[in-house]
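J.: work-v8.cif is reproduced below (mmCIF, C-alpha atoms).
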```cif
data_work
#
loop_
_atom_site.label_atom_id
_atom_site.label_comp_id
_atom_site.auth_asym_id
_atom_site.auth_seq_id
_atom_site.Cartn_x
_atom_site.Cartn_y
_atom_site.Cartn_z
CA MET A 34 94.88 187.61 -74.93
CA SER A 35 91.93 186.66 -72.73
CA SER A 36 91.93 183.46 -70.73
CA CYS A 37 89.16 181.08 -69.77
CA GLN A 38 89.05 182.69 -66.36
CA ASP A 39 88.16 186.04 -67.93
CA PHE A 40 85.02 184.61 -69.50
CA ARG A 41 83.86 182.57 -66.52
CA ASP A 42 81.15 185.00 -65.44
CA ASP A 43 80.01 185.98 -68.89
CA PHE A 44 78.61 182.79 -70.39
CA GLU A 45 75.07 183.28 -69.06
CA LEU A 46 75.02 186.75 -70.55
CA TYR A 47 76.56 185.48 -73.76
CA ALA A 48 73.93 182.78 -74.08
CA LEU A 49 71.18 185.33 -73.49
CA GLY A 50 72.59 187.55 -76.23
CA LEU A 51 73.18 190.38 -73.79
CA LEU A 52 76.91 191.02 -74.20
CA ASP A 53 78.06 193.92 -76.24
CA ALA A 54 79.63 193.21 -79.62
CA GLU A 55 83.24 193.38 -78.45
CA GLU A 56 82.81 190.96 -75.53
CA LYS A 57 80.76 188.60 -77.65
CA ALA A 58 83.41 188.57 -80.36
CA GLU A 59 86.09 187.66 -77.80
CA ILE A 60 84.08 184.70 -76.53
CA ASP A 61 83.23 183.60 -80.05
CA ALA A 62 86.88 183.60 -80.95
CA HIS A 63 87.81 181.66 -77.84
CA LEU A 64 85.10 179.04 -78.37
CA ARG A 65 86.42 178.46 -81.88
CA THR A 66 89.63 177.16 -80.31
CA ASP A 67 87.63 174.15 -79.05
CA CYS A 68 88.37 174.98 -75.44
CA ALA A 69 86.74 172.12 -73.54
CA THR A 70 86.61 174.06 -70.29
CA CYS A 71 84.73 176.98 -71.79
CA ASP A 72 82.49 174.72 -73.84
CA ALA A 73 81.42 172.98 -70.62
CA ALA A 74 80.94 176.35 -68.96
CA LEU A 75 78.76 177.48 -71.82
CA LYS A 76 76.59 174.36 -71.50
CA ARG A 77 76.19 174.98 -67.80
CA ALA A 78 75.22 178.58 -68.55
CA LEU A 79 72.60 177.43 -71.06
CA ALA A 80 71.19 174.99 -68.50
CA LEU A 81 71.16 177.64 -65.80
CA ASN A 82 69.43 180.09 -68.08
CA ALA A 83 66.76 177.50 -68.90
CA MET A 84 66.17 176.85 -65.22
CA VAL A 85 65.69 180.56 -64.58
CA MET A 86 63.43 180.91 -67.62
CA SER A 87 61.30 178.06 -66.37
CA MET A 88 60.48 180.15 -63.30
CA ALA A 89 58.23 182.50 -65.24
CA PRO A 90 54.80 182.78 -63.62
CA ASP A 91 52.70 179.79 -64.59
CA VAL A 92 50.07 180.67 -67.19
CA VAL A 93 47.84 178.04 -68.75
CA PRO A 94 47.71 178.48 -72.53
CA PRO A 95 44.34 178.23 -74.30
CA SER A 96 43.75 174.75 -75.69
CA ARG A 97 43.74 176.14 -79.23
CA VAL A 98 47.47 176.87 -78.91
CA LYS A 99 48.22 173.16 -78.88
CA TRP A 100 46.25 172.59 -82.06
CA ARG A 101 47.86 175.61 -83.70
CA VAL A 102 51.27 174.16 -82.87
CA LEU A 103 50.38 170.70 -84.14
CA SER A 104 48.67 171.91 -87.28
CA GLY A 105 51.65 174.19 -87.90
CA VAL A 106 53.89 171.16 -88.31
CA GLY A 107 51.33 169.11 -90.23
CA VAL A 108 50.16 166.99 -87.31
CA HIS A 109 46.43 167.13 -87.30
CA ARG A 110 44.27 166.94 -84.30
CA MET A 111 43.68 163.30 -83.45
CA SER A 112 40.16 164.01 -82.42
CA TRP A 113 39.30 165.16 -85.94
CA GLY A 114 39.51 161.52 -86.94
CA TRP A 115 37.30 160.53 -84.09
CA LEU A 116 34.96 163.37 -84.83
CA ALA A 117 34.78 162.36 -88.46
CA ALA A 118 34.16 158.75 -87.47
CA MET A 119 31.55 159.83 -84.94
CA ALA A 120 29.90 162.10 -87.49
CA ALA A 121 29.89 159.31 -90.06
CA ALA A 122 28.45 156.89 -87.50
CA CYS A 123 25.80 159.41 -86.50
CA MET A 124 24.91 160.04 -90.12
CA LEU A 125 24.68 156.29 -90.69
CA VAL A 126 22.41 155.88 -87.67
CA VAL A 127 20.26 158.78 -88.83
CA ALA A 128 20.12 157.36 -92.36
CA LEU A 129 19.17 153.94 -90.99
CA TRP A 130 16.57 155.52 -88.76
CA PHE A 131 15.08 157.41 -91.67
CA SER A 132 15.21 154.26 -93.77
CA VAL A 133 13.39 152.26 -91.11
CA GLN A 134 10.92 155.10 -90.67
CA GLU A 135 10.41 155.28 -94.41
CA ARG A 136 9.86 151.56 -94.65
CA SER A 137 7.50 151.63 -91.72
CA ARG A 138 5.56 154.51 -93.22
CA ALA A 139 5.49 152.81 -96.60
CA ALA A 140 4.16 149.65 -94.98
CA GLU A 141 1.60 151.65 -93.01
CA LEU A 142 0.60 153.46 -96.18
CA ALA A 143 0.23 150.19 -98.07
CA GLN A 144 -1.79 148.72 -95.24
CA ALA A 145 -3.99 151.82 -95.12
CA ARG A 146 -4.45 151.65 -98.86
CA HIS A 147 -5.33 147.96 -98.63
CA THR A 148 -7.79 148.66 -95.83
CA LEU A 149 -9.30 151.53 -97.79
CA ILE A 150 -9.76 149.27 -100.80
CA GLN A 151 -11.33 146.60 -98.62
CA VAL A 152 -13.63 149.07 -96.89
CA SER A 153 -14.49 150.63 -100.21
CA GLY A 154 -15.28 147.20 -101.65
CA GLN A 155 -17.34 146.26 -98.65
CA ARG A 156 -19.21 149.56 -98.87
CA ASP A 157 -19.92 148.94 -102.57
CA ARG A 158 -21.13 145.45 -101.84
CA LEU A 159 -23.32 146.70 -98.99
CA MET A 160 -24.71 149.42 -101.24
CA GLN A 161 -25.33 146.79 -103.85
CA ALA A 162 -27.01 144.57 -101.25
CA LEU A 163 -29.15 147.46 -100.07
CA SER A 164 -30.26 148.08 -103.61
CA PHE A 165 -31.49 144.47 -103.68
CA LEU A 166 -33.32 144.86 -100.39
CA ASP A 167 -34.86 148.24 -101.21
CA ASP A 168 -36.26 147.16 -104.51
CA PRO A 169 -39.82 145.80 -104.13
CA SER A 170 -39.31 143.55 -107.12
CA THR A 171 -36.63 141.56 -105.31
CA LEU A 172 -37.77 138.02 -104.51
CA PRO A 173 -36.60 136.68 -101.12
CA VAL A 174 -36.03 133.00 -100.41
CA SER A 175 -35.02 131.59 -97.05
CA PHE A 176 -32.84 128.55 -96.63
CA GLY A 177 -31.80 126.37 -93.77
CA LYS A 178 -34.91 126.87 -91.75
CA GLY A 179 -35.88 123.82 -89.81
CA LYS A 180 -32.59 122.10 -90.64
CA PRO A 181 -30.68 120.60 -87.71
CA LEU A 182 -27.37 121.98 -88.91
CA PRO A 183 -26.38 125.42 -90.00
CA PRO A 184 -26.00 127.34 -92.17
CA HIS A 185 -29.09 129.34 -92.79
CA GLY A 186 -29.99 132.62 -94.39
CA ASN A 187 -31.66 134.23 -97.39
CA VAL A 188 -31.29 134.48 -101.10
CA PHE A 189 -32.63 137.54 -102.90
CA VAL A 190 -33.30 137.31 -106.60
CA HIS A 191 -33.80 140.37 -108.78
CA SER A 192 -34.31 140.02 -112.47
CA LYS A 193 -32.02 142.92 -113.31
CA LEU A 194 -29.64 143.18 -110.34
CA GLY A 195 -28.87 139.48 -110.01
CA VAL A 196 -28.71 137.23 -106.93
CA LEU A 197 -27.78 138.21 -103.36
CA LEU A 198 -26.83 135.52 -100.88
CA ILE A 199 -26.71 136.31 -97.15
CA ALA A 200 -25.77 133.39 -94.90
CA SER A 201 -25.09 132.82 -91.23
CA ASN A 202 -23.31 130.03 -89.39
CA LEU A 203 -21.19 129.38 -92.42
CA PRO A 204 -17.77 128.51 -90.98
CA PRO A 205 -14.68 129.89 -92.76
CA ALA A 206 -13.52 127.56 -95.50
CA ALA A 207 -10.53 125.41 -94.69
CA ALA A 208 -7.12 126.33 -96.08
CA GLY A 209 -7.01 125.83 -99.84
CA LYS A 210 -10.77 125.77 -100.07
CA VAL A 211 -13.36 128.35 -101.05
CA TYR A 212 -17.13 128.55 -101.23
CA GLU A 213 -18.65 128.62 -104.67
CA MET A 214 -22.20 129.68 -105.46
CA TRP A 215 -24.17 127.98 -108.22
CA VAL A 216 -27.16 129.03 -110.23
CA ILE A 217 -29.19 125.97 -111.08
CA PRO A 218 -31.79 126.36 -113.86
CA LYS A 219 -34.87 124.26 -113.80
CA GLY A 220 -33.88 120.92 -115.26
CA GLY A 221 -30.40 122.17 -116.13
CA ALA A 222 -26.83 121.78 -114.93
CA PRO A 223 -25.43 124.13 -112.21
CA ARG A 224 -23.63 127.24 -113.54
CA PRO A 225 -20.80 128.84 -111.59
CA ALA A 226 -21.95 132.04 -109.88
CA GLY A 227 -18.79 133.21 -108.13
CA LEU A 228 -16.42 132.38 -105.28
CA PHE A 229 -16.54 133.80 -101.77
CA GLN A 230 -15.34 133.35 -98.22
CA SER A 231 -17.25 133.68 -95.00
CA GLU A 232 -16.20 136.11 -92.26
CA ALA A 233 -14.67 135.00 -89.01
CA GLY A 234 -18.10 135.23 -87.31
CA GLY A 235 -19.61 132.82 -89.80
CA THR A 236 -21.48 135.40 -91.83
CA ALA A 237 -21.19 135.61 -95.59
CA MET A 238 -22.58 137.76 -98.33
CA HIS A 239 -22.16 137.11 -102.02
CA ILE A 240 -23.63 138.84 -105.04
CA LEU A 241 -23.99 137.60 -108.56
CA SER A 242 -24.46 140.76 -110.57
CA GLY A 243 -26.43 140.85 -113.78
CA PRO A 244 -29.84 139.92 -115.00
CA VAL A 245 -31.25 136.53 -114.20
CA ASP A 246 -34.34 134.84 -115.52
CA ALA A 247 -36.31 134.06 -112.42
CA ALA A 248 -38.81 132.12 -114.50
CA THR A 249 -36.26 129.50 -115.49
CA LEU A 250 -34.31 129.54 -112.21
CA GLY A 251 -34.61 126.35 -110.17
CA ALA A 252 -32.31 126.86 -107.16
CA ILE A 253 -29.27 128.65 -105.74
CA ALA A 254 -26.66 126.37 -104.14
CA VAL A 255 -23.30 126.68 -102.41
CA THR A 256 -20.57 124.05 -102.33
CA LEU A 257 -17.06 123.89 -100.89
CA GLU A 258 -14.56 123.84 -103.74
CA PRO A 259 -10.81 124.03 -104.33
CA GLU A 260 -9.34 127.51 -104.06
CA ALA A 261 -9.37 128.13 -107.80
CA GLY A 262 -13.05 127.21 -108.03
CA SER A 263 -14.66 124.54 -110.16
CA ALA A 264 -16.62 124.45 -113.37
CA ALA A 265 -19.10 122.04 -111.78
CA PRO A 266 -19.81 121.17 -108.15
CA THR A 267 -17.42 118.58 -106.73
CA THR A 268 -18.93 118.32 -103.26
CA THR A 269 -22.34 117.99 -101.72
CA PRO A 270 -24.04 121.43 -101.51
CA ILE A 271 -23.90 123.09 -98.11
CA ILE A 272 -26.68 125.49 -99.00
CA VAL A 273 -29.59 124.86 -101.32
CA ALA A 274 -32.23 127.53 -101.75
CA PRO A 275 -35.04 126.54 -104.11
CA VAL A 276 -36.27 129.51 -106.03
CA ALA A 277 -38.51 127.81 -108.59
CA GLY A 278 -42.01 129.10 -108.70
CA LEU A 279 -41.24 132.59 -107.33
CA MET B 175 60.36 190.75 -58.51
CA LEU B 176 61.64 187.39 -59.49
CA TRP B 177 61.01 185.76 -56.16
CA LYS B 178 57.37 186.89 -56.38
CA LEU B 179 56.97 185.26 -59.72
CA LEU B 180 57.49 181.72 -58.47
CA PRO B 181 54.25 179.72 -58.74
CA VAL B 182 55.41 177.02 -56.31
CA GLY B 183 58.31 176.49 -53.99
CA LEU B 184 61.59 177.25 -55.71
CA THR B 185 63.28 174.00 -54.76
CA TYR B 186 60.41 171.91 -56.01
CA ALA B 187 60.22 173.85 -59.26
CA LEU B 188 63.92 173.56 -59.95
CA LEU B 189 64.06 169.87 -59.19
CA GLN B 190 61.06 169.26 -61.39
CA VAL B 191 62.59 171.16 -64.26
CA THR B 192 65.92 169.43 -63.81
CA LEU B 193 64.36 165.99 -63.91
CA ARG B 194 62.28 166.90 -66.93
CA PHE B 195 65.21 168.27 -68.86
CA LYS B 196 67.24 165.10 -68.30
CA ASP B 197 64.74 162.61 -69.71
CA ASP B 198 64.23 163.76 -73.26
CA SER B 199 66.45 161.49 -75.35
CA ASP B 200 63.62 159.22 -76.48
CA LEU B 201 61.42 162.19 -77.29
CA ALA B 202 64.20 163.81 -79.30
CA LYS B 203 64.74 160.60 -81.27
CA ARG B 204 61.02 160.37 -82.08
CA LEU B 205 60.99 164.00 -83.19
CA LYS B 206 63.89 163.30 -85.53
CA ASP B 207 62.04 160.22 -86.80
CA ARG B 208 59.03 162.47 -87.51
CA ASP B 209 56.77 160.45 -85.25
CA PRO B 210 53.46 162.43 -85.30
CA ARG B 211 52.88 161.72 -81.61
CA ALA B 212 56.26 163.15 -80.69
CA MET B 213 55.21 166.73 -81.38
CA THR B 214 52.15 166.23 -79.20
CA ASP B 215 54.38 164.89 -76.42
CA LEU B 216 56.82 167.77 -76.85
CA TYR B 217 54.00 170.26 -76.49
CA GLU B 218 52.56 168.41 -73.49
CA ARG B 219 55.98 168.60 -71.86
CA TYR B 220 57.05 172.13 -72.70
CA GLY B 221 54.05 173.94 -74.17
CA ARG B 222 52.87 175.41 -70.88
CA LEU B 223 56.39 176.39 -69.82
CA ALA B 224 57.03 178.02 -73.19
CA TYR B 225 53.71 179.87 -73.15
CA SER B 226 54.30 181.08 -69.58
CA LEU B 227 57.78 182.29 -70.44
CA ILE B 228 56.70 184.02 -73.63
CA TYR B 229 53.66 185.57 -72.00
CA ARG B 230 55.89 186.87 -69.19
CA VAL B 231 58.07 188.58 -71.78
CA VAL B 232 55.51 189.98 -74.22
CA ARG B 233 52.51 190.33 -71.85
CA ASN B 234 50.13 189.87 -74.73
CA ALA B 235 48.08 186.68 -75.08
CA GLY B 236 47.62 186.89 -78.85
CA ALA B 237 51.29 187.51 -79.50
CA ALA B 238 52.20 184.74 -77.04
CA GLU B 239 50.09 182.25 -78.99
CA ASP B 240 51.79 183.23 -82.24
CA LEU B 241 55.23 183.00 -80.66
CA VAL B 242 54.57 179.59 -79.08
CA GLN B 243 53.59 178.31 -82.50
CA GLU B 244 56.72 179.85 -84.01
CA THR B 245 58.85 178.31 -81.25
CA PHE B 246 57.65 174.77 -81.79
CA LEU B 247 57.76 175.13 -85.54
CA ARG B 248 61.38 176.25 -85.29
CA VAL B 249 62.25 173.27 -83.05
CA TRP B 250 60.49 170.89 -85.43
CA ASN B 251 62.32 172.29 -88.44
CA ARG B 252 65.75 172.18 -86.81
CA VAL B 253 65.60 169.05 -84.70
CA GLN B 254 67.48 166.95 -87.26
CA SER B 255 70.68 168.69 -86.15
CA PHE B 256 69.96 168.00 -82.49
CA ASP B 257 72.13 165.58 -80.51
CA GLN B 258 69.54 163.16 -79.16
CA THR B 259 71.94 161.37 -76.80
CA LYS B 260 73.67 164.29 -75.09
CA GLY B 261 71.50 167.19 -76.16
CA ALA B 262 69.32 169.23 -73.81
CA LEU B 263 65.90 169.45 -75.42
CA GLY B 264 64.16 171.41 -72.66
CA PRO B 265 66.78 174.17 -72.42
CA TRP B 266 66.75 174.40 -76.20
CA VAL B 267 62.95 174.79 -76.39
CA LEU B 268 62.93 177.41 -73.63
CA THR B 269 65.81 179.29 -75.19
CA VAL B 270 64.04 179.38 -78.53
CA ALA B 271 60.86 180.53 -76.78
CA ARG B 272 62.65 183.25 -74.85
CA ASN B 273 64.55 184.45 -77.89
CA ARG B 274 61.41 184.55 -80.02
CA ALA B 275 59.73 186.68 -77.36
CA ILE B 276 62.71 189.00 -76.95
CA ASP B 277 62.97 189.28 -80.72
CA TYR B 278 59.29 190.23 -80.82
CA LEU B 279 59.83 192.94 -78.22
CA ARG B 280 62.77 194.32 -80.13
CA SER B 281 60.83 194.28 -83.39
CA VAL B 282 58.07 196.24 -81.72
CA ASP B 283 60.71 198.72 -80.59
CA GLY B 284 62.17 198.92 -84.10
CA LYS B 285 65.37 197.04 -83.25
CA MET B 286 64.64 193.86 -85.12
CA SER B 287 67.53 193.67 -87.55
CA ALA B 288 70.25 194.08 -84.96
CA GLY B 289 69.16 191.35 -82.60
CA THR B 290 67.49 188.79 -84.80
CA LEU B 291 70.59 187.20 -86.29
CA GLU B 292 72.38 187.21 -82.97
CA LEU B 293 69.57 185.43 -81.15
CA ASP B 294 69.15 183.06 -84.05
CA ARG B 295 72.77 181.96 -83.76
CA LEU B 296 72.43 181.42 -80.00
CA GLU B 297 69.61 178.92 -80.34
CA THR B 298 71.00 176.52 -82.91
CA PRO B 299 70.69 172.82 -81.95
CA VAL B 300 74.49 172.53 -81.92
CA MET B 301 74.62 174.97 -79.03
CA PHE B 302 72.60 172.50 -76.96
CA SER B 303 74.68 169.43 -77.75
CA ASN B 304 77.19 167.60 -75.54
CA PHE B 305 75.51 168.43 -72.26
CA ASP B 306 76.95 166.45 -69.38
CA ASP B 307 74.87 165.34 -66.45
CA GLN B 308 76.38 167.99 -64.22
CA ALA B 309 74.95 170.80 -66.32
CA LEU B 310 71.45 169.70 -65.42
CA SER B 311 72.11 168.15 -62.04
CA MET B 312 70.00 168.59 -58.96
CA ASP B 313 73.09 169.91 -57.21
CA ARG B 314 73.08 172.82 -59.60
CA ALA B 315 69.42 173.39 -58.94
CA ARG B 316 70.15 173.52 -55.21
CA VAL B 317 72.99 175.94 -55.79
CA LEU B 318 70.71 178.07 -57.89
CA LYS B 319 68.10 178.06 -55.18
CA THR B 320 70.64 179.12 -52.57
CA ALA B 321 71.90 181.86 -54.83
CA PHE B 322 68.43 183.22 -55.47
CA GLU B 323 67.65 183.29 -51.81
CA LYS B 324 70.69 185.50 -51.23
CA LEU B 325 69.76 188.03 -53.90
CA THR B 326 68.51 191.44 -52.89
CA PRO B 327 65.28 192.67 -54.44
CA THR B 328 67.28 194.94 -56.71
CA GLN B 329 69.46 192.07 -57.88
CA ARG B 330 66.41 189.97 -58.56
CA GLN B 331 64.95 192.79 -60.59
CA VAL B 332 68.16 192.96 -62.59
CA ILE B 333 67.95 189.25 -63.37
CA GLU B 334 64.33 189.64 -64.32
CA LEU B 335 65.20 192.43 -66.72
CA ALA B 336 67.94 190.32 -68.29
CA TYR B 337 66.04 187.08 -68.71
CA PHE B 338 62.54 188.31 -69.39
CA GLU B 339 62.99 191.69 -70.96
CA GLY B 340 66.33 191.40 -72.75
CA PHE B 341 67.92 194.51 -71.34
CA ARG B 342 71.62 194.81 -72.10
CA LYS B 343 74.37 196.09 -69.88
CA PRO B 344 75.28 198.46 -68.35
CA ARG B 345 71.78 199.11 -67.12
CA TRP B 346 71.43 195.75 -65.38
CA ARG B 347 74.92 194.24 -65.11
CA SER B 348 75.84 193.95 -61.45
CA GLY B 349 79.63 193.80 -62.02
#
```
Written as structure tokens, that's how I'd like the structure from this file.

T.:
Amino acid sequence: MSSCQDFRDDFELYALGLLDAEEKAEIDAHLRTDCATCDAALKRALALNAMVMSMAPDVVPPSRVKWRVLSGVGVHRMSWGWLAAMAAACMLVVALWFSVQERSRAAELAQARHTLIQVSGQRDRLMQALSFLDDPSTLPVSFGKGKPLPPHGNVFVHSKLGVLLIASNLPPAAAGKVYEMWVIPKGGAPRPAGLFQSEAGGTAMHILSGPVDAATLGAIAVTLEPEAGSAAPTTTPIIVAPVAGL
Amino acid sequence: MLWKLLPVGLTYALLQVTLRFKDDSDLAKRLKDRDPRAMTDLYERYGRLAYSLIYRVVRNAGAAEDLVQETFLRVWNRVQSFDQTKGALGPWVLTVARNRAIDYLRSVDGKMSAGTLELDRLETPVMFSNFDDQALSMDRARVLKTAFEKLTPTQRQVIELAYFEGFRKPRWRSG
């Protein structure tokens, strides 16, 4: 029967799986007797083997090996969470940026549309005014000449086109106020002829479209009225252009 | 030759390994508790050693990657039987790594069935339980260093064949 002493030099080989079957079987049988001495010797052999194994030439594994190991046991790469969060944050920023850009472009588009409408309206009004001025049947009347205070300008009356008012030195109406033009027949009450504002430079142009009867027309007047306009003048006229007798 | 394989001074390497092997009880407990960070820490501690050892044996980077993954998966699956207070986690991991690599070599040579069960039995967690401090002491590391320094080149080659290539006696046994 073998003794502990017989196995003393074999535990490293045993632990490495390098003994032949007969020697291995002897050690297995002995270890099953719970021999404390040989059990301790086996542990020392395992430790020694590990120390020798740790002397293998140092090779740095590719970083993917770590993630293969972790994913193999169901531990997912921590940075995936960060990447997902970063991706979500980036997408949010991009979405916000596009949203802001979209809003900005929508506002610019609305502004451009508004400007286009204004320019188009102004062009139409200018074309309309030119049609007054080009027509030899238009009757011009000046107002404000010789007056110490502005405003001054001209009224053009055309029996078919209507009345064109061009004024200068007409200050912009105060907040909540608007200028209102009146057509005053000879011996009759003033009739509303439209609301308008003057430009920042004090110029104003207003057109009453439609036929007018110059023969019965007494005067064209302008008053300052509430923003919604009035059915009859509520203030002293700022402009009065007598057109009777044209 | 084994002495040529050392990346740093032998004494330093052995002391480092000894200290590392002796401080694993908390890590082992966290592995048994299935703490997700524990596997990361285990790899940080032994992944490079295991890869180096396996690569030394199989000399094939792709196979080494597969075998490192298999090594850690095997440790993860069997750690519940590990003695966290007096077990030796590092020696266990390296033994599993070495055995997986040797098993791979034998399978390539067509000797898989004979060695697989044997190596499997020699790497059970129970084998690495009840380690006393002396087994992993610095004194033993110093003794090991002294012993290696006295080896002849032929003896070192024999040890290399045994540990890293799995050659059986009588080809390598010094007797």

J.: Within 12 Å of (65.4, 170.5, -86.7), in the coordinates the file gives, what residues turn up when you count all atoms listed in the file, written out as a ChimeraX atom specification?

T.: /A:106 /B:202-208,245-258,263,266-267,297-300

J.: Report as a PyMOL selection string the full result of the PyMOL selection byres ((chain A) within 7 of (chain B)) when it is applied to this structure.

T.: chain A and resi 48+50-52+76-77+79-80+83-84+86-94+98-99+101-103+105-106+108

J.: Export C-alpha atoms of the chosen residues as a tab-separated table (two decimals), in the frame of the given file?

T.:
```
chain	number	residue	atom	x	y	z
A	48	ALA	CA	73.93	182.78	-74.08
A	50	GLY	CA	72.59	187.55	-76.23
A	51	LEU	CA	73.18	190.38	-73.79
A	52	LEU	CA	76.91	191.02	-74.20
A	76	LYS	CA	76.59	174.36	-71.50
A	77	ARG	CA	76.19	174.98	-67.80
A	79	LEU	CA	72.60	177.43	-71.06
A	80	ALA	CA	71.19	174.99	-68.50
A	83	ALA	CA	66.76	177.50	-68.90
A	84	MET	CA	66.17	176.85	-65.22
A	86	MET	CA	63.43	180.91	-67.62
A	87	SER	CA	61.30	178.06	-66.37
A	88	MET	CA	60.48	180.15	-63.30
A	89	ALA	CA	58.23	182.50	-65.24
A	90	PRO	CA	54.80	182.78	-63.62
A	91	ASP	CA	52.70	179.79	-64.59
A	92	VAL	CA	50.07	180.67	-67.19
A	93	VAL	CA	47.84	178.04	-68.75
A	94	PRO	CA	47.71	178.48	-72.53
A	98	VAL	CA	47.47	176.87	-78.91
A	99	LYS	CA	48.22	173.16	-78.88
A	101	ARG	CA	47.86	175.61	-83.70
A	102	VAL	CA	51.27	174.16	-82.87
A	103	LEU	CA	50.38	170.70	-84.14
A	105	GLY	CA	51.65	174.19	-87.90
A	106	VAL	CA	53.89	171.16	-88.31
A	108	VAL	CA	50.16	166.99	-87.31
```

J.: Output the residue selection produced by the PyMOL selection byres ((chain A and resi 37) around 9) on the file above, formatted as a PyMOL selection string.

T.: chain A and resi 35-36+38-41+63+68+70-71

J.: Smallest atom-to-atom distance to Gly251 (chain A): which of A:Ala73, A:Ile199, A:Ala207, A:Val190, using all atoms listed in the file?

T.: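 The answer is A:Val190, which sits nearest to Gly251 (chain A).
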
J.: Contacts of Leu241 (chain A) at 10 Å or less, counting only C-alpha atoms, minus same-chain residues fewer than 2 places along, as a ChimeraX atom specification?

T.: /A:190,194-198,214-216,225-228,239,243-245

J.: Using only C-alpha atoms, please write the residues we just selected to a file, as a PDB file, in the coordinates of the input.

T.:
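Produced file out13.pdb, reproduced below:
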```pdb
ATOM      1  CA  VAL A 190     -33.300 137.310-106.600  1.00  0.00           C
ATOM      2  CA  LEU A 194     -29.640 143.180-110.340  1.00  0.00           C
ATOM      3  CA  GLY A 195     -28.870 139.480-110.010  1.00  0.00           C
ATOM      4  CA  VAL A 196     -28.710 137.230-106.930  1.00  0.00           C
ATOM      5  CA  LEU A 197     -27.780 138.210-103.360  1.00  0.00           C
ATOM      6  CA  LEU A 198     -26.830 135.520-100.880  1.00  0.00           C
ATOM      7  CA  MET A 214     -22.200 129.680-105.460  1.00  0.00           C
ATOM      8  CA  TRP A 215     -24.170 127.980-108.220  1.00  0.00           C
ATOM      9  CA  VAL A 216     -27.160 129.030-110.230  1.00  0.00           C
ATOM     10  CA  PRO A 225     -20.800 128.840-111.590  1.00  0.00           C
ATOM     11  CA  ALA A 226     -21.950 132.040-109.880  1.00  0.00           C
ATOM     12  CA  GLY A 227     -18.790 133.210-108.130  1.00  0.00           C
ATOM     13  CA  LEU A 228     -16.420 132.380-105.280  1.00  0.00           C
ATOM     14  CA  HIS A 239     -22.160 137.110-102.020  1.00  0.00           C
ATOM     15  CA  GLY A 243     -26.430 140.850-113.780  1.00  0.00           C
ATOM     16  CA  PRO A 244     -29.840 139.920-115.000  1.00  0.00           C
ATOM     17  CA  VAL A 245     -31.250 136.530-114.200  1.00  0.00           C
TER      18      VAL A 245
END
```

J.: Just to confirm, what's the straight-line distance from CA of Glu260 (chain A) to CA of Val211 (chain A) in Å (one decimal)?

T.: 5.1 Å

J.: When you draw a straight line from CA of Arg233 (chain B) to CA of Glu323 (chain B), how long is it in Å?

T.: 26.1 Å

J.: How many Å lie between CA of Leu49 (chain A) and CA of Asn82 (chain A), rounded to one decimal?

T.: 7.7 Å

J.: Around (-21.3, 120.0, -106.2), as given in the file, which residues come within 10 Å? Count only C-alpha atoms and list them as a PyMOL selection string.

T.: chain A and resi 213-215+223+254-258+263-271
